[in-house]
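**Q** I'm passing along run.csv; it holds CSV, C-alpha atoms and all ligand atoms.
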chain,number,residue,atom,x,y,z
A,1,MET,CA,-11.8,36.5,8.5
A,2,ALA,CA,-12.7,37.4,4.9
A,3,PRO,CA,-12.8,34.3,2.5
A,4,ALA,CA,-9.7,35.4,0.4
A,5,GLU,CA,-7.7,36.1,3.6
A,6,GLY,CA,-9.0,32.8,5.0
A,7,PHE,CA,-7.7,30.9,2.0
A,8,GLU,CA,-4.4,32.7,2.2
A,9,ALA,CA,-4.2,31.8,5.9
A,10,ILE,CA,-4.6,28.1,5.2
A,11,ARG,CA,-2.2,28.2,2.3
A,12,GLY,CA,0.3,30.0,4.6
A,13,ARG,CA,-0.1,27.2,7.2
A,14,VAL,CA,0.4,24.6,4.5
A,15,ALA,CA,3.5,26.4,3.1
A,16,LYS,CA,5.1,26.6,6.6
A,17,ALA,CA,4.3,23.0,7.7
A,18,ALA,CA,7.4,20.9,8.3
A,19,ARG,CA,5.7,17.6,7.8
A,20,ILE,CA,2.3,17.1,6.1
A,21,LEU,CA,0.2,14.0,6.2
A,22,VAL,CA,-2.6,13.6,3.7
A,23,LEU,CA,-5.5,11.3,4.7
A,24,GLY,CA,-7.6,10.5,1.7
A,25,GLY,CA,-11.0,8.9,1.1
A,26,ALA,CA,-13.3,8.1,-1.8
A,27,GLY,CA,-13.8,11.9,-2.6
A,28,MET,CA,-10.2,12.0,-3.6
A,29,SER,CA,-11.0,9.8,-6.6
A,30,ALA,CA,-14.5,11.1,-7.4
A,31,GLU,CA,-13.4,13.6,-10.0
A,32,SER,CA,-11.6,10.8,-11.8
A,33,GLY,CA,-15.0,9.1,-12.2
A,34,VAL,CA,-14.6,6.5,-9.4
A,35,PRO,CA,-17.8,6.5,-7.4
A,36,THR,CA,-17.8,7.2,-3.7
A,37,PHE,CA,-19.5,4.9,-1.2
A,38,ARG,CA,-21.9,7.2,0.7
A,39,GLY,CA,-22.8,9.8,-1.9
A,40,ALA,CA,-26.6,10.2,-1.7
A,41,ARG,CA,-27.3,9.7,-5.4
A,42,ASP,CA,-24.3,8.0,-7.0
A,43,GLY,CA,-22.5,6.4,-4.0
A,44,LEU,CA,-22.0,2.7,-4.2
A,45,TRP,CA,-23.9,2.1,-1.0
A,46,ALA,CA,-27.0,3.9,-2.4
A,47,ARG,CA,-27.2,1.2,-5.1
A,48,PHE,CA,-25.6,-1.9,-3.5
A,49,ASP,CA,-25.9,-3.5,-0.1
A,50,PRO,CA,-22.5,-3.5,1.6
A,51,GLY,CA,-23.5,-6.4,3.8
A,52,ALA,CA,-24.0,-8.5,0.6
A,53,LEU,CA,-20.8,-7.5,-1.1
A,54,ALA,CA,-18.1,-6.1,1.3
A,55,THR,CA,-18.0,-8.5,4.3
A,56,PRO,CA,-16.4,-11.9,4.9
A,57,GLU,CA,-19.9,-13.3,5.3
A,58,ALA,CA,-20.9,-12.1,1.8
A,59,TRP,CA,-17.8,-13.8,0.4
A,60,ALA,CA,-18.6,-17.0,2.2
A,61,ALA,CA,-22.2,-17.0,1.0
A,62,ASP,CA,-21.7,-16.1,-2.7
A,63,PRO,CA,-18.1,-15.7,-3.9
A,64,ALA,CA,-19.2,-15.5,-7.5
A,65,LEU,CA,-21.4,-12.4,-6.8
A,66,VAL,CA,-18.7,-10.7,-4.8
A,67,TRP,CA,-15.9,-11.5,-7.3
A,68,ALA,CA,-18.0,-10.1,-10.3
A,69,TRP,CA,-18.8,-6.9,-8.3
A,70,TYR,CA,-15.1,-6.3,-7.6
A,71,LEU,CA,-14.2,-7.1,-11.2
A,72,TRP,CA,-16.7,-4.4,-12.2
A,73,ARG,CA,-15.0,-2.0,-9.7
A,74,MET,CA,-11.6,-2.9,-11.2
A,75,ALA,CA,-12.9,-2.1,-14.6
A,76,LEU,CA,-14.1,1.3,-13.5
A,77,VAL,CA,-10.7,2.1,-11.9
A,78,ARG,CA,-8.7,0.9,-14.9
A,79,ARG,CA,-10.7,3.3,-17.1
A,80,ALA,CA,-10.1,6.3,-14.7
A,81,CYS,CA,-7.1,8.6,-14.8
A,82,PRO,CA,-5.5,10.6,-12.0
A,83,HIS,CA,-6.6,14.3,-11.8
A,84,ALA,CA,-4.9,17.6,-10.9
A,85,GLY,CA,-5.2,16.9,-7.2
A,86,HIS,CA,-3.4,13.5,-7.4
A,87,ARG,CA,-0.7,15.2,-9.5
A,88,ALA,CA,-0.3,18.1,-7.1
A,89,LEU,CA,0.3,15.7,-4.2
A,90,ALA,CA,2.9,13.7,-6.1
A,91,GLU,CA,4.7,16.9,-7.2
A,92,ALA,CA,4.6,18.3,-3.7
A,93,ALA,CA,6.0,15.1,-2.2
A,94,ARG,CA,9.0,15.4,-4.5
A,95,LEU,CA,9.8,18.9,-3.0
A,96,ARG,CA,9.0,18.5,0.7
A,97,PRO,CA,8.1,16.1,3.4
A,98,LEU,CA,4.6,15.0,2.6
A,99,GLU,CA,3.2,11.5,3.3
A,100,LEU,CA,0.1,9.9,1.9
A,101,VAL,CA,-2.3,7.6,3.7
A,102,THR,CA,-5.4,6.5,1.8
A,103,GLN,CA,-8.5,4.5,2.5
A,104,ASN,CA,-8.9,4.1,-1.3
A,105,VAL,CA,-8.3,0.8,-2.9
A,106,ASP,CA,-7.5,2.3,-6.3
A,107,ASP,CA,-4.1,3.0,-7.8
A,108,LEU,CA,-4.6,6.6,-8.9
A,109,HIS,CA,-2.0,8.1,-6.5
A,110,GLU,CA,0.6,5.7,-7.8
A,111,ARG,CA,-0.3,6.4,-11.4
A,112,ALA,CA,0.1,10.1,-10.7
A,113,GLY,CA,3.6,9.4,-9.5
A,114,SER,CA,3.3,9.1,-5.7
A,115,THR,CA,5.4,6.5,-4.0
A,116,GLY,CA,5.1,4.9,-0.5
A,117,VAL,CA,1.4,5.4,-0.4
A,118,VAL,CA,-0.1,3.7,2.7
A,119,HIS,CA,-3.3,1.8,1.8
A,120,LEU,CA,-5.4,1.3,4.9
A,121,HIS,CA,-8.1,-0.7,3.2
A,122,GLY,CA,-6.0,-2.7,0.9
A,123,GLU,CA,-5.6,-2.6,-2.9
A,124,LEU,CA,-8.1,-3.6,-5.5
A,125,PHE,CA,-5.5,-5.2,-7.8
A,126,ALA,CA,-3.5,-7.0,-5.1
A,127,HIS,CA,-5.5,-10.3,-5.3
A,128,ARG,CA,-4.7,-13.1,-2.9
A,129,CYS,CA,-5.7,-16.6,-2.1
A,130,ALA,CA,-8.6,-16.6,0.4
A,131,ASP,CA,-7.1,-19.8,1.9
A,132,CYS,CA,-3.3,-19.6,1.9
A,133,ALA,CA,-3.0,-15.8,1.4
A,134,ARG,CA,-0.4,-16.1,-1.4
A,135,PRO,CA,-0.6,-13.3,-3.9
A,136,HIS,CA,-2.3,-14.1,-7.2
A,137,ALA,CA,-1.1,-12.8,-10.6
A,138,GLU,CA,-3.1,-10.1,-12.5
A,139,VAL,CA,-6.5,-11.2,-13.8
A,140,ALA,CA,-8.1,-10.2,-17.1
A,141,ILE,CA,-10.3,-7.2,-16.6
A,142,PRO,CA,-13.2,-6.7,-19.1
A,143,ALA,CA,-14.8,-3.4,-20.0
A,144,PRO,CA,-17.2,-2.3,-17.2
A,145,GLY,CA,-20.3,-3.0,-19.4
A,146,ALA,CA,-19.0,-6.5,-20.2
A,147,VAL,CA,-18.7,-7.8,-16.6
A,148,PRO,CA,-21.2,-10.5,-15.8
A,149,GLN,CA,-23.5,-10.4,-12.7
A,150,ARG,CA,-21.7,-13.4,-11.3
A,151,LEU,CA,-18.3,-15.0,-12.0
A,152,GLU,CA,-16.6,-17.8,-10.3
A,153,PRO,CA,-13.3,-16.4,-8.8
A,154,PRO,CA,-10.0,-17.8,-10.2
A,155,ARG,CA,-8.3,-20.6,-8.2
A,156,CYS,CA,-4.9,-20.3,-6.4
A,157,ALA,CA,-2.1,-22.1,-8.3
A,158,HIS,CA,-0.6,-23.3,-5.0
A,159,CYS,CA,-3.6,-24.7,-3.0
A,160,GLY,CA,-6.6,-24.4,-5.3
A,161,GLY,CA,-8.4,-22.0,-2.9
A,162,ARG,CA,-10.5,-19.2,-4.3
A,163,VAL,CA,-8.7,-15.9,-5.1
A,164,ARG,CA,-10.3,-12.8,-3.4
A,165,PRO,CA,-9.8,-9.1,-3.9
A,166,GLY,CA,-7.0,-7.6,-1.8
A,167,VAL,CA,-9.3,-5.2,0.0
A,168,VAL,CA,-10.4,-4.9,3.7
A,169,TRP,CA,-14.0,-5.7,4.3
A,170,PHE,CA,-16.2,-4.7,7.2
A,171,GLY,CA,-15.3,-6.7,10.3
A,172,GLU,CA,-11.7,-7.5,9.0
A,173,PRO,CA,-8.7,-6.0,10.7
A,174,LEU,CA,-6.6,-3.4,8.7
A,175,PRO,CA,-3.2,-4.6,7.5
A,176,GLU,CA,-1.1,-4.2,10.6
A,177,ALA,CA,2.0,-2.7,8.9
A,178,ALA,CA,-0.1,-0.1,7.1
A,179,PHE,CA,-2.1,0.9,10.2
A,180,ASP,CA,1.0,1.1,12.3
A,181,ALA,CA,2.7,3.3,9.7
A,182,ALA,CA,-0.4,5.5,9.5
A,183,ARG,CA,-0.5,6.0,13.3
A,184,ARG,CA,3.2,6.9,13.4
A,185,MET,CA,2.8,9.4,10.6
A,186,ALA,CA,-0.3,10.9,12.2
A,187,ALA,CA,1.5,11.4,15.5
A,188,ALA,CA,4.5,12.9,13.8
A,189,CYS,CA,2.9,15.3,11.3
A,190,ASP,CA,2.3,19.0,12.1
A,191,LEU,CA,-0.4,19.5,9.5
A,192,MET,CA,-2.9,16.9,8.3
A,193,LEU,CA,-5.0,17.4,5.1
A,194,VAL,CA,-8.1,15.3,5.4
A,195,VAL,CA,-9.4,15.0,1.8
A,196,GLY,CA,-12.7,13.5,0.6
A,197,THR,CA,-13.7,11.2,3.4
A,198,SER,CA,-17.0,11.1,5.3
A,199,GLY,CA,-15.0,10.2,8.4
A,200,LEU,CA,-17.5,7.5,9.4
A,201,VAL,CA,-15.4,4.4,9.1
A,202,GLN,CA,-13.1,3.3,12.0
A,203,PRO,CA,-10.3,3.0,12.7
A,204,ALA,CA,-9.2,5.3,9.9
A,205,ALA,CA,-11.4,8.1,11.2
A,206,GLY,CA,-9.5,8.1,14.4
A,207,LEU,CA,-6.2,9.2,12.7
A,208,PRO,CA,-7.0,13.0,12.5
A,209,LEU,CA,-7.9,13.0,16.2
A,210,LEU,CA,-4.6,11.2,17.0
A,211,ALA,CA,-2.8,13.9,15.0
A,212,ARG,CA,-4.7,16.7,16.7
A,213,ARG,CA,-3.9,15.3,20.1
A,214,ALA,CA,-0.2,15.4,19.1
A,215,GLY,CA,-0.5,19.1,18.2
A,216,ALA,CA,-1.2,19.0,14.4
A,217,CYS,CA,-3.3,21.5,12.5
A,218,LEU,CA,-6.2,19.8,10.8
A,219,VAL,CA,-7.4,21.0,7.4
A,220,GLU,CA,-10.4,19.4,5.6
A,221,VAL,CA,-10.9,19.5,1.9
A,222,ASN,CA,-14.5,18.4,1.2
A,223,PRO,CA,-17.4,20.0,-0.5
A,224,GLU,CA,-19.7,18.7,2.3
A,225,PRO,CA,-19.3,18.6,6.0
A,226,GLY,CA,-18.8,15.1,7.6
A,227,GLY,CA,-18.1,13.2,10.8
A,228,LEU,CA,-14.7,14.9,11.3
A,229,SER,CA,-15.7,18.5,10.4
A,230,PRO,CA,-16.3,19.5,14.1
A,231,HIS,CA,-12.6,18.6,14.9
A,232,MET,CA,-11.1,20.6,12.0
A,233,ASP,CA,-9.1,23.8,12.4
A,234,PHE,CA,-10.1,24.8,8.8
A,235,SER,CA,-12.6,23.3,6.4
A,236,LEU,CA,-12.3,24.1,2.7
A,237,ARG,CA,-15.6,23.5,0.9
A,238,MET,CA,-13.9,22.7,-2.3
A,239,THR,CA,-13.2,19.6,-4.3
A,240,ALA,CA,-9.9,17.7,-4.2
A,241,ALA,CA,-9.0,18.7,-7.8
A,242,GLU,CA,-9.7,22.3,-7.1
A,243,ALA,CA,-8.2,22.7,-3.7
A,244,LEU,CA,-5.0,20.6,-3.8
A,245,PRO,CA,-3.2,22.3,-6.7
A,246,ALA,CA,-4.1,25.7,-5.2
A,247,LEU,CA,-3.1,24.8,-1.7
A,248,LEU,CA,0.2,23.1,-2.6
A,249,GLY,CA,1.3,25.6,-5.2
A,250,GLY,CA,0.4,23.4,-8.2
A,251,THR,CA,-1.2,24.0,-11.5
A,252,ARG,CA,-4.2,26.3,-10.8
A,253,ASP,CA,-5.0,29.1,-8.4
A,254,ALA,CA,-8.5,28.5,-7.1
A,255,ARG,CA,-8.9,32.2,-6.1
A,256,ALA,CA,-8.7,33.2,-9.7
A,257,SER,CA,-11.9,31.2,-10.4
A,258,GLY,CA,-13.7,32.7,-7.4
A,259,ARG,CA,-14.4,29.2,-6.2
A,260,PRO,CA,-13.2,28.8,-2.7
A,261,ARG,CA,-16.1,28.4,-0.2
A,262,LEU,CA,-14.6,28.6,3.2
A,263,ALA,CA,-16.1,27.3,6.4
A,264,PHE,CA,-14.5,27.7,9.7
A,265,PRO,CA,-15.4,25.8,12.9
A,266,GLY,CA,-18.8,26.9,14.0
A,267,VAL,CA,-19.5,29.0,10.9
A,268,ALA,CA,-21.9,27.7,8.3
A,269,PRO,CA,-20.3,27.3,4.8
B,1,LIG,C1,-15.4,14.8,-2.1
B,1,LIG,C2,-15.6,14.9,-3.5
B,1,LIG,C3,-14.6,15.6,-4.2
B,1,LIG,C4,-17.2,13.8,-2.8
B,1,LIG,N1,-13.5,16.2,-3.5
B,1,LIG,N2,-14.4,15.3,-1.5
B,1,LIG,C5,-19.7,1.0,15.3
B,1,LIG,C6,-18.9,2.0,15.8
B,1,LIG,C7,-17.6,2.2,15.3
B,1,LIG,C8,-17.0,1.2,14.5
B,1,LIG,C9,-17.8,0.2,14.1
B,1,LIG,C10,-19.1,0.1,14.5
B,1,LIG,N3,-19.6,-1.1,13.9
B,1,LIG,C11,-18.7,-1.6,13.2
B,1,LIG,C12,-17.5,-0.9,13.3
B,1,LIG,C13,-16.3,-1.1,12.6
B,1,LIG,C14,-16.3,-0.8,11.1
B,1,LIG,C15,-16.9,0.6,10.9
B,1,LIG,O1,-16.2,1.6,11.0
B,1,LIG,N4,-18.2,0.7,10.6
B,1,LIG,C16,-18.8,2.0,10.5
B,1,LIG,C17,-19.4,2.1,9.1
B,1,LIG,C18,-19.9,2.0,11.5
B,1,LIG,N5,-14.9,-0.9,10.7
B,1,LIG,C19,-14.4,-2.0,10.3
B,1,LIG,O2,-15.0,-3.1,10.2
B,1,LIG,C20,-12.9,-2.0,9.9
B,1,LIG,N6,-12.3,-3.0,10.6
B,1,LIG,C21,-12.3,-3.1,11.9
B,1,LIG,O3,-12.8,-2.3,12.6
B,1,LIG,O4,-11.6,-4.2,12.4
B,1,LIG,C22,-11.6,-4.5,13.8
B,1,LIG,C23,-11.1,-5.9,14.0
B,1,LIG,C24,-9.9,-6.0,14.7
B,1,LIG,C25,-9.4,-7.3,14.9
B,1,LIG,C26,-10.0,-8.4,14.3
B,1,LIG,C27,-11.1,-8.2,13.5
B,1,LIG,C28,-11.7,-6.9,13.3
B,1,LIG,C29,-12.7,-2.3,8.4
B,1,LIG,C30,-13.3,-1.2,7.6
B,1,LIG,C31,-13.2,-1.6,6.1
B,1,LIG,C32,-13.9,-0.6,5.2
B,1,LIG,N7,-14.0,-1.1,4.0
B,1,LIG,C33,-14.5,-0.3,2.9
B,1,LIG,C34,-14.6,-1.1,1.6
B,1,LIG,C35,-13.2,-1.4,1.1
B,1,LIG,C36,-13.3,-2.3,-0.1
B,1,LIG,C37,-14.0,-1.8,-1.2
B,1,LIG,O5,-13.6,-0.8,-1.8
B,1,LIG,O6,-15.0,-2.3,-1.6
B,1,LIG,O7,-13.7,0.8,2.7
B,1,LIG,S1,-16.1,0.4,3.3
B,1,LIG,C38,-15.8,2.0,2.5
B,1,LIG,O8,-15.8,3.0,3.5
B,1,LIG,C39,-14.3,1.9,2.0
B,1,LIG,C40,-13.8,3.2,2.3
B,1,LIG,O9,-12.4,3.2,2.3
B,1,LIG,C41,-14.4,3.5,3.6
B,1,LIG,C42,-14.4,5.0,3.9
B,1,LIG,O10,-15.3,5.7,3.1
B,1,LIG,P1,-14.8,7.2,2.6
B,1,LIG,O11,-13.6,7.1,1.8
B,1,LIG,O12,-14.9,8.1,3.7
B,1,LIG,O13,-15.9,7.4,1.4
B,1,LIG,P2,-17.4,8.0,1.6
B,1,LIG,O14,-18.2,7.7,0.4
B,1,LIG,O15,-18.0,7.7,2.9
B,1,LIG,O16,-17.2,9.6,1.7
B,1,LIG,C43,-16.8,10.3,0.5
B,1,LIG,C44,-16.5,11.8,0.9
B,1,LIG,O17,-16.0,12.4,-0.2
B,1,LIG,C45,-17.8,12.5,1.3
B,1,LIG,O18,-17.6,13.2,2.5
B,1,LIG,C46,-18.0,13.5,0.2
B,1,LIG,O19,-18.6,14.7,0.6
B,1,LIG,C47,-16.6,13.7,-0.3
B,1,LIG,N8,-16.4,14.1,-1.7
B,1,LIG,N9,-16.7,14.4,-3.9
B,1,LIG,C48,-13.4,16.0,-2.2
B,1,LIG,N10,-14.6,15.9,-5.6
B,2,ZN,ZN,-3.8,-20.7,-1.9
Would you encode the structure as structure tokens?
Ligand code: BJW
Ligand code: ZN
**A**
Amino acid sequence: MAPAEGFEAIRGRVAKAARILVLGGAGMSAESGVPTFRGARDGLWARFDPGALATPEAWAADPALVWAWYLWRMALVRRACPHAGHRALAEAARLRPLELVTQNVDDLHERAGSTGVVHLHGELFAHRCADCARPHAEVAIPAPGAVPQRLEPPRCAHCGGRVRPGVVWFGEPLPEAAFDAARRMAAACDLMLVVGTSGLVQPAAGLPLLARRAGACLVEVNPEPGGLSPHMDFSLRMTAAEALPALLGGTRDARASGRPRLAFPGVAP
């Protein structure tokens, strides 16, 4: 299939799909300036040790270090704005059945106007008490450059416990309601857009396989191949901000820029 026909074929599939599910990862927010985790040069895990920052053990060992790191992450997200891909998803969901499951802890989909977003790995701004689990009010977020290396977390107004970020660390279970909803959505969709995830973290990475077993067409949007690429029906080697508006009939036609780089299963990009 020639590239232009290939892109049209994918767009045709998307146009005809009765129920679309989008599974997003860090690449969805990359063009908003939020760093990914596993990017070789600017990924968070290239600069920081996940074991020392994103595990319950890290929190128990040094809550001030972990809290300061997440405060810095909050500052980065607060400064970021949704891009054309976030907006295209929000617009499309107003016109047709399209659901959104994300591994991201930022609020860029919501700020673009999406509602009912399922957050598998929690939410950066949904702080809660580490002891009694009650939610904690908003905290003051400094500019990214003004966040200290260590900062004692706020205390819970009810029990005095430490307040932790509302995210899911390695070794913690996903929020049950969110994961149940995601599984139901994956089993019920007829097309899944897998956008900007390396597909290495379980159990989220199992969702496309669940959808595929239930008969869905899998379309990947990612400039690089990843763990899920061999299972895809189509892989668009484009960025989220390029591909989503073009695929969903949004603000820009990627064909006009000559950008689409298509890869089909078994064919090098
Ligand atoms: C672009 C782009 C552009 C770039 N456009 N694309 C061995 C085997 C299997 C599983 C395990 C195992 N050992 C341990 C486990 C379990 C573990 C796991 O999966 N580990 C693997 C890493 C090995 N999983 C867990 O621990 C999970 N919990 C669990 O399993 O619980 C079981 C349990 C049950 C009952 C009781 C107790 C426990 C929890 C996982 C939590 C993950 N948490 C994090 C941090 C969240 C908080 C925070 O933000 O700090 O979630 S880790 C990090 O990875 C984050 C992400 O959501 C997640 C996924 O990353 P993602 O989104 O794929 O990002 P990247 O960076 O990997 O990829 C970015 C992609 O974007 C790349 O492909 C780029 O090419 C692309 N891209 N620019 C489009 N413009
Ligand atoms: Zn408490």
**Q** Rank nothing, just name the residue among A:Leu71, A:Thr102, A:Leu108, A:Met232 nearest to Val139 in chain A, using all atoms listed in the file.
**A**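 The answer is A:Leu71, which sits nearest to Val139 in chain A.
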**Q** Smallest atom-to-atom distance to Cys156 in chain A: which of A:Ala177, A:Cys129, A:Met74, A:Leu124, using all atoms listed in the file?
**A**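 For Cys156 in chain A, the nearest of the candidates is A:Cys129.
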**Q** Counting only C-alpha atoms, which of A:Ala80, A:Leu95, A:Val118, A:Val163 gets nearest to Ala130 in chain A?
**A**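 Ranked by minimum distance to Ala130 in chain A, first place goes to A:Val163.
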**Q** Excluding Met192 in chain A and residues on its chain fewer than 3 positions from it, collect all residues at most 9 Å away from it, counting only C-alpha atoms, and give them as an MDAnalysis selection string.
**A** chainID A and resid 19:23 186 189 208 211:212 216:220
**Q** Pick the closest to Leu244 in chain A from A:Glu123, A:Glu224, A:Glu91, A:Glu99: which is it, counting only C-alpha atoms?
**A** A:Glu91
**Q** Just checking: using all atoms listed in the file, which residue out of A:Gly113, A:Gly206, A:Pro173, A:Gly166 ends up closest to ligand LIG 1 (chain B)?
**A**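 Of the candidates, the smallest distance to ligand LIG 1 (chain B) is held by A:Pro173.
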**Q** So which residues are near ligand LIG 1 (chain B), meaning at most 8 Å away with all atoms listed in the file counted, given back as number ranges by chain?
**A** A: 24-31, 35-39, 43-44, 50, 53-54, 70, 102-105, 120-122, 124, 167-174, 195-204, 221-226, 238-241
**Q** Would you list the residues that come within 7 Å of ligand ZN 2 (chain B)? Count all atoms listed in the file and give the answer as a PyMOL selection string.
**A** chain A and resi 129-134+156-161
**Q** Rounded to one decimal in Å, what is the spacing between CA of Leu191 in chain A and CA of Ala18 in chain A?
**A**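 Answer for the CA of Leu191 in chain A to CA of Ala18 in chain A separation: 8.0 Å.
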**Q** Using all atoms listed in the file, list the residues that have an atom at most 7 Å from (-0.3, 5.0, 1.1), coordinates as in the file, as JSON, numbers by chain.
**A** {"A": [100, 101, 102, 116, 117, 118, 119]}
**Q** Enter the distance from CA of Ala9 in chain A to CA of Asp233 in chain A, in Å, rounded to one decimal.
**A**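 CA of Asp233 in chain A lies at a distance of 11.4 Å from CA of Ala9 in chain A.
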**Q** Have a look at A:Gly85, A:Pro63, A:Pro56, A:Gly51 and name the one nearest to Ala246 in chain A; count all atoms listed in the file.
**A**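 Smallest distance to Ala246 in chain A is found for A:Gly85.
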**Q** For the atom pair CA of Trp69 in chain A and CA of His136 in chain A, what is the interatomic distance in Å to one decimal place?
**A**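 CA of His136 in chain A lies at a distance of 18.0 Å from CA of Trp69 in chain A.
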**Q** Could you give me, as a PyMOL selection string, the residues that have an atom at most 12 Å away from the point (-17.7, -1.3, -13.3) in the coordinates of the file, using all atoms listed in the file?
**A** chain A and resi 33-35+44+67-80+141-149
**Q** Write out the residues from the selection above, keeping C-alpha atoms, as a PDB file, keeping the file's coordinate frame.
**A**
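After the write, part_0.pdb holds the following:
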ATOM      1  CA  GLY A  33     -15.000   9.100 -12.200  1.00  0.00           C
ATOM      2  CA  VAL A  34     -14.600   6.500  -9.400  1.00  0.00           C
ATOM      3  CA  PRO A  35     -17.800   6.500  -7.400  1.00  0.00           C
ATOM      4  CA  LEU A  44     -22.000   2.700  -4.200  1.00  0.00           C
ATOM      5  CA  TRP A  67     -15.900 -11.500  -7.300  1.00  0.00           C
ATOM      6  CA  ALA A  68     -18.000 -10.100 -10.300  1.00  0.00           C
ATOM      7  CA  TRP A  69     -18.800  -6.900  -8.300  1.00  0.00           C
ATOM      8  CA  TYR A  70     -15.100  -6.300  -7.600  1.00  0.00           C
ATOM      9  CA  LEU A  71     -14.200  -7.100 -11.200  1.00  0.00           C
ATOM     10  CA  TRP A  72     -16.700  -4.400 -12.200  1.00  0.00           C
ATOM     11  CA  ARG A  73     -15.000  -2.000  -9.700  1.00  0.00           C
ATOM     12  CA  MET A  74     -11.600  -2.900 -11.200  1.00  0.00           C
ATOM     13  CA  ALA A  75     -12.900  -2.100 -14.600  1.00  0.00           C
ATOM     14  CA  LEU A  76     -14.100   1.300 -13.500  1.00  0.00           C
ATOM     15  CA  VAL A  77     -10.700   2.100 -11.900  1.00  0.00           C
ATOM     16  CA  ARG A  78      -8.700   0.900 -14.900  1.00  0.00           C
ATOM     17  CA  ARG A  79     -10.700   3.300 -17.100  1.00  0.00           C
ATOM     18  CA  ALA A  80     -10.100   6.300 -14.700  1.00  0.00           C
ATOM     19  CA  ILE A 141     -10.300  -7.200 -16.600  1.00  0.00           C
ATOM     20  CA  PRO A 142     -13.200  -6.700 -19.100  1.00  0.00           C
ATOM     21  CA  ALA A 143     -14.800  -3.400 -20.000  1.00  0.00           C
ATOM     22  CA  PRO A 144     -17.200  -2.300 -17.200  1.00  0.00           C
ATOM     23  CA  GLY A 145     -20.300  -3.000 -19.400  1.00  0.00           C
ATOM     24  CA  ALA A 146     -19.000  -6.500 -20.200  1.00  0.00           C
ATOM     25  CA  VAL A 147     -18.700  -7.800 -16.600  1.00  0.00           C
ATOM     26  CA  PRO A 148     -21.200 -10.500 -15.800  1.00  0.00           C
ATOM     27  CA  GLN A 149     -23.500 -10.400 -12.700  1.00  0.00           C
TER      28      GLN A 149
END
